[in-house]
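Dropping model-v8.cif in here (mmCIF, N, CA and C atoms):
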data_start
#
loop_
_atom_site.label_atom_id
_atom_site.label_comp_id
_atom_site.auth_asym_id
_atom_site.auth_seq_id
_atom_site.Cartn_x
_atom_site.Cartn_y
_atom_site.Cartn_z
N MET A 902 109.69 108.48 130.44
CA MET A 902 109.65 108.78 129.03
C MET A 902 110.96 108.30 128.40
N PRO A 903 110.90 107.62 127.27
CA PRO A 903 112.13 107.12 126.65
C PRO A 903 112.99 108.27 126.12
N ASP A 904 114.30 108.02 126.04
CA ASP A 904 115.22 109.04 125.54
C ASP A 904 115.20 109.12 124.01
N GLN A 905 114.68 108.10 123.36
CA GLN A 905 114.70 108.00 121.91
C GLN A 905 113.27 107.94 121.39
N VAL A 906 112.94 108.75 120.38
CA VAL A 906 111.62 108.66 119.77
C VAL A 906 111.68 107.66 118.63
N GLN A 907 110.53 107.02 118.36
CA GLN A 907 110.45 106.00 117.32
C GLN A 907 109.32 106.33 116.37
N ASP A 908 109.49 105.91 115.11
CA ASP A 908 108.42 106.09 114.13
C ASP A 908 107.38 105.00 114.31
N LYS A 909 106.36 104.98 113.45
CA LYS A 909 105.29 104.00 113.63
C LYS A 909 105.72 102.57 113.34
N GLN A 910 106.89 102.38 112.74
CA GLN A 910 107.43 101.04 112.51
C GLN A 910 108.36 100.60 113.63
N GLY A 911 108.61 101.50 114.61
CA GLY A 911 109.50 101.17 115.72
C GLY A 911 110.95 101.54 115.46
N ASN A 912 111.23 102.20 114.33
CA ASN A 912 112.60 102.62 114.01
C ASN A 912 112.91 103.94 114.73
N PRO A 913 114.13 104.11 115.23
CA PRO A 913 114.48 105.36 115.91
C PRO A 913 114.51 106.54 114.94
N ILE A 914 114.14 107.71 115.45
CA ILE A 914 114.20 108.95 114.67
C ILE A 914 115.24 109.85 115.31
N ASN A 915 116.17 110.35 114.50
CA ASN A 915 117.23 111.25 114.96
C ASN A 915 117.22 112.52 114.12
N GLU A 916 117.81 113.58 114.66
CA GLU A 916 117.96 114.81 113.89
C GLU A 916 118.77 114.50 112.64
N GLY A 917 118.33 115.04 111.51
CA GLY A 917 119.00 114.79 110.24
C GLY A 917 118.35 113.69 109.42
N ASP A 918 117.50 112.85 110.04
CA ASP A 918 116.81 111.80 109.30
C ASP A 918 115.73 112.41 108.41
N THR A 919 115.39 111.72 107.33
CA THR A 919 114.28 112.12 106.47
C THR A 919 113.05 111.36 106.91
N VAL A 920 111.98 112.11 107.22
CA VAL A 920 110.73 111.50 107.69
C VAL A 920 109.60 111.84 106.73
N TYR A 921 108.54 111.03 106.81
CA TYR A 921 107.41 111.12 105.89
C TYR A 921 106.13 110.83 106.66
N THR A 922 105.06 111.52 106.33
CA THR A 922 103.75 111.19 106.88
C THR A 922 102.68 111.55 105.87
N LYS A 923 101.59 110.82 105.89
CA LYS A 923 100.42 111.19 105.11
C LYS A 923 99.62 112.15 105.97
N ALA A 924 99.15 113.25 105.37
CA ALA A 924 98.41 114.25 106.13
C ALA A 924 97.37 114.92 105.24
N ARG A 925 96.13 114.85 105.63
CA ARG A 925 95.04 115.57 104.96
C ARG A 925 95.01 115.31 103.45
N GLY A 926 95.09 114.07 103.06
CA GLY A 926 94.98 113.72 101.66
C GLY A 926 96.26 113.91 100.86
N GLY A 927 97.31 114.36 101.51
CA GLY A 927 98.58 114.54 100.83
C GLY A 927 99.69 113.88 101.61
N LYS A 928 100.88 114.40 101.49
CA LYS A 928 101.99 113.87 102.26
C LYS A 928 102.91 115.01 102.66
N ARG A 929 103.66 114.79 103.71
CA ARG A 929 104.68 115.73 104.16
C ARG A 929 105.96 114.95 104.34
N GLU A 930 107.02 115.49 103.79
CA GLU A 930 108.32 114.83 103.88
C GLU A 930 109.39 115.89 104.10
N GLY A 931 110.35 115.59 104.96
CA GLY A 931 111.43 116.53 105.19
C GLY A 931 112.46 115.98 106.15
N GLU A 932 113.50 116.77 106.35
CA GLU A 932 114.61 116.39 107.23
C GLU A 932 114.34 116.90 108.64
N VAL A 933 114.53 116.01 109.62
CA VAL A 933 114.28 116.36 111.02
C VAL A 933 115.27 117.44 111.46
N GLU A 934 114.73 118.54 111.99
CA GLU A 934 115.56 119.63 112.48
C GLU A 934 115.69 119.58 113.99
N GLU A 935 114.65 119.11 114.65
CA GLU A 935 114.61 119.18 116.11
C GLU A 935 113.65 118.11 116.64
N ILE A 936 114.00 117.54 117.78
CA ILE A 936 113.11 116.61 118.47
C ILE A 936 112.84 117.21 119.84
N ILE A 937 111.58 117.49 120.10
CA ILE A 937 111.18 118.13 121.35
C ILE A 937 110.62 117.06 122.28
N MET A 938 111.29 116.88 123.42
CA MET A 938 110.91 115.82 124.35
C MET A 938 110.14 116.32 125.56
N THR A 939 110.32 117.59 125.95
CA THR A 939 109.69 118.12 127.17
C THR A 939 108.99 119.44 126.88
N GLN A 940 108.12 119.83 127.79
CA GLN A 940 107.43 121.11 127.66
C GLN A 940 108.41 122.27 127.74
N GLU A 941 109.48 122.12 128.54
CA GLU A 941 110.53 123.16 128.62
C GLU A 941 111.18 123.37 127.25
N GLU A 942 111.51 122.28 126.58
CA GLU A 942 112.10 122.38 125.24
C GLU A 942 111.12 123.03 124.27
N ALA A 943 109.84 122.74 124.43
CA ALA A 943 108.82 123.30 123.54
C ALA A 943 108.78 124.82 123.65
N LYS A 944 109.01 125.34 124.85
CA LYS A 944 108.98 126.80 125.05
C LYS A 944 110.13 127.50 124.33
N THR A 945 111.26 126.81 124.16
CA THR A 945 112.42 127.41 123.51
C THR A 945 112.61 126.91 122.08
N SER A 946 111.63 126.22 121.55
CA SER A 946 111.73 125.64 120.21
C SER A 946 111.71 126.70 119.13
N SER A 947 112.28 126.36 117.98
CA SER A 947 112.23 127.25 116.82
C SER A 947 110.83 127.26 116.21
N LYS A 948 110.03 126.25 116.50
CA LYS A 948 108.65 126.17 116.01
C LYS A 948 107.73 126.66 117.11
N GLU A 949 106.93 127.66 116.82
CA GLU A 949 106.00 128.19 117.81
C GLU A 949 104.82 127.24 118.01
N ASN A 950 104.20 127.35 119.16
CA ASN A 950 102.96 126.62 119.47
C ASN A 950 103.11 125.11 119.45
N VAL A 951 104.23 124.59 119.91
CA VAL A 951 104.40 123.15 120.04
C VAL A 951 103.77 122.74 121.36
N LYS A 952 102.80 121.83 121.28
CA LYS A 952 102.11 121.37 122.48
C LYS A 952 102.20 119.85 122.56
N ASN A 953 102.07 119.34 123.76
CA ASN A 953 102.02 117.90 124.00
C ASN A 953 103.22 117.14 123.43
N PRO A 954 104.43 117.42 123.95
CA PRO A 954 105.61 116.68 123.50
C PRO A 954 105.46 115.19 123.78
N PRO A 955 106.17 114.29 123.14
CA PRO A 955 107.25 114.58 122.19
C PRO A 955 106.72 114.94 120.80
N LYS A 956 107.46 115.78 120.11
CA LYS A 956 107.17 116.19 118.73
C LYS A 956 108.45 116.17 117.93
N VAL A 957 108.30 115.87 116.65
CA VAL A 957 109.42 115.92 115.71
C VAL A 957 109.17 117.12 114.79
N VAL A 958 110.11 118.05 114.76
CA VAL A 958 109.97 119.27 113.96
C VAL A 958 110.80 119.12 112.69
N PHE A 959 110.15 119.38 111.54
CA PHE A 959 110.87 119.35 110.27
C PHE A 959 110.22 120.34 109.30
N THR A 960 110.96 120.71 108.26
CA THR A 960 110.43 121.57 107.21
C THR A 960 110.02 120.67 106.06
N ASP A 961 108.73 120.77 105.66
CA ASP A 961 108.23 119.89 104.61
C ASP A 961 108.68 120.36 103.23
N GLN A 962 108.27 119.62 102.20
CA GLN A 962 108.71 119.89 100.84
C GLN A 962 108.19 121.23 100.31
N HIS A 963 107.22 121.85 101.00
CA HIS A 963 106.67 123.14 100.59
C HIS A 963 107.31 124.30 101.35
N GLY A 964 108.23 123.98 102.27
CA GLY A 964 108.90 125.01 103.04
C GLY A 964 108.21 125.38 104.34
N HIS A 965 107.17 124.63 104.72
CA HIS A 965 106.46 124.89 105.98
C HIS A 965 107.12 124.13 107.12
N LYS A 966 107.32 124.80 108.24
CA LYS A 966 107.87 124.14 109.43
C LYS A 966 106.70 123.47 110.14
N VAL A 967 106.80 122.16 110.36
CA VAL A 967 105.71 121.39 110.97
C VAL A 967 106.24 120.58 112.14
N ALA A 968 105.34 120.27 113.07
CA ALA A 968 105.67 119.43 114.23
C ALA A 968 104.67 118.30 114.29
N HIS A 969 105.13 117.06 114.25
CA HIS A 969 104.25 115.90 114.27
C HIS A 969 104.63 114.97 115.41
N ASN A 970 103.65 114.20 115.85
CA ASN A 970 103.92 113.14 116.82
C ASN A 970 104.80 112.09 116.14
N PRO A 971 105.81 111.59 116.84
CA PRO A 971 106.71 110.62 116.20
C PRO A 971 106.00 109.35 115.73
N GLY A 972 104.94 108.94 116.42
CA GLY A 972 104.23 107.72 116.05
C GLY A 972 103.45 107.82 114.75
N THR A 973 103.32 109.02 114.19
CA THR A 973 102.61 109.19 112.91
C THR A 973 103.58 109.22 111.73
N LEU A 974 104.88 109.22 112.01
CA LEU A 974 105.90 109.38 110.97
C LEU A 974 106.52 108.06 110.56
N GLU A 975 107.11 108.05 109.37
CA GLU A 975 107.94 106.94 108.91
C GLU A 975 109.33 107.50 108.64
N ASN A 976 110.35 106.83 109.19
CA ASN A 976 111.74 107.24 108.98
C ASN A 976 112.22 106.61 107.67
N LEU A 977 112.43 107.43 106.65
CA LEU A 977 112.85 106.91 105.35
C LEU A 977 114.32 106.52 105.33
N ASP A 978 115.09 106.94 106.33
CA ASP A 978 116.51 106.59 106.40
C ASP A 978 116.75 105.29 107.16
N ALA A 979 115.70 104.72 107.75
CA ALA A 979 115.87 103.51 108.58
C ALA A 979 116.03 102.28 107.71
#
Final structure tokens representation of the file:
Amino acid sequence: MPDQVQDKQGNPINEGDTVYTKARGGKREGEVEEIIMTQEEAKTSSKENVKNPPKVVFTDQHGHKVAHNPGTLENLDA
């Protein structure tokens, strides 16, 4: 497994980056708080019910904490 997660354009995603994804007819955008690479990290994550790592955890513009697959995101800071 690579040490670095990448967005769907192949750009690296790091904590603190602003990411964006289209979801269910809308969009979600926020600053990356955590990158979960292993199942062990998922168990100690601030976001409950994280399954199938890797996941990128961020709080969207509505204040909801969400976890998405890195390949579905776009890094707006890249």
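Atom N of Val920 (chain A) is found 14.8 Å from atom C of Gln905 (chain A).
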Non-local contacts of region 910-917 of chain A (8 Å; only N, CA and C atoms; under 4 positions in same chain excluded) as a PyMOL selection string: chain A and resi 905-906+931-936+971-976+978-979
Picked from chain A by DSSP as strand (DSSP E or B), as number ranges by chain: A: 906-907, 913-914, 919-924, 927-937, 956-960, 966-969, 975-976
Spatial neighbours of Val967 (chain A), max dist 6.5 Å, all atoms listed in the file, sep filter under 5 positions, as a PyMOL selection string: chain A and resi 957-961
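Distances from A:Ile937, A:Thr945, A:Gln962, A:Asn970 to Thr919 (chain A) were compared using only C-alpha atoms, and the smallest one belongs to A:Gln962.
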Å distance separating CA of Ala943 (chain A) from CA of Gly964 (chain A), one decimal place: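 These atoms are spaced 20.6 Å apart.
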Length of the atom N of Arg925 (chain A) to CA of His969 (chain A) vector [Å]: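 Taking atom N of Arg925 (chain A) and CA of His969 (chain A), their separation equals 11.9 Å.
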Close residues, Pro954 (chain A) itself excluded, 6.5 Å, all atoms listed in the file, min 4 positions apart in chain, as a PyMOL selection string: chain A and resi 937-940
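Distance check against Glu930 (chain A) using only N, CA and C atoms: of A:Lys956, A:Lys909, A:His963, A:Lys948, the minimum falls on A:His963.
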Alpha helix (DSSP H) residues, from DSSP on the backbone, in chain A, as a ChimeraX atom specification: /A:940-944
Selected residues written out with N, CA and C atoms, as a PDB file, keeping the file's coordinate frame:
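part_33.pdb, written as the output of this step:
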ATOM      1  N   GLN A 940     108.120 119.830 127.790  1.00  0.00           N
ATOM      2  CA  GLN A 940     107.430 121.110 127.660  1.00  0.00           C
ATOM      3  C   GLN A 940     108.410 122.270 127.740  1.00  0.00           C
ATOM      4  N   GLU A 941     109.480 122.120 128.540  1.00  0.00           N
ATOM      5  CA  GLU A 941     110.530 123.160 128.620  1.00  0.00           C
ATOM      6  C   GLU A 941     111.180 123.370 127.250  1.00  0.00           C
ATOM      7  N   GLU A 942     111.510 122.280 126.580  1.00  0.00           N
ATOM      8  CA  GLU A 942     112.100 122.380 125.240  1.00  0.00           C
ATOM      9  C   GLU A 942     111.120 123.030 124.270  1.00  0.00           C
ATOM     10  N   ALA A 943     109.840 122.740 124.430  1.00  0.00           N
ATOM     11  CA  ALA A 943     108.820 123.300 123.540  1.00  0.00           C
ATOM     12  C   ALA A 943     108.780 124.820 123.650  1.00  0.00           C
ATOM     13  N   LYS A 944     109.010 125.340 124.850  1.00  0.00           N
ATOM     14  CA  LYS A 944     108.980 126.800 125.050  1.00  0.00           C
ATOM     15  C   LYS A 944     110.130 127.500 124.330  1.00  0.00           C
TER      16      LYS A 944
END
Around region 918-929 of chain A, with edges along x, y and z and 3 Å added on all six sides, what centre and edge lengths do you get, in Å to one decimal, as JSON?
{"center_x": 106.2, "center_y": 113.3, "center_z": 105.4, "size_x": 28.5, "size_y": 10.9, "size_z": 15.2}
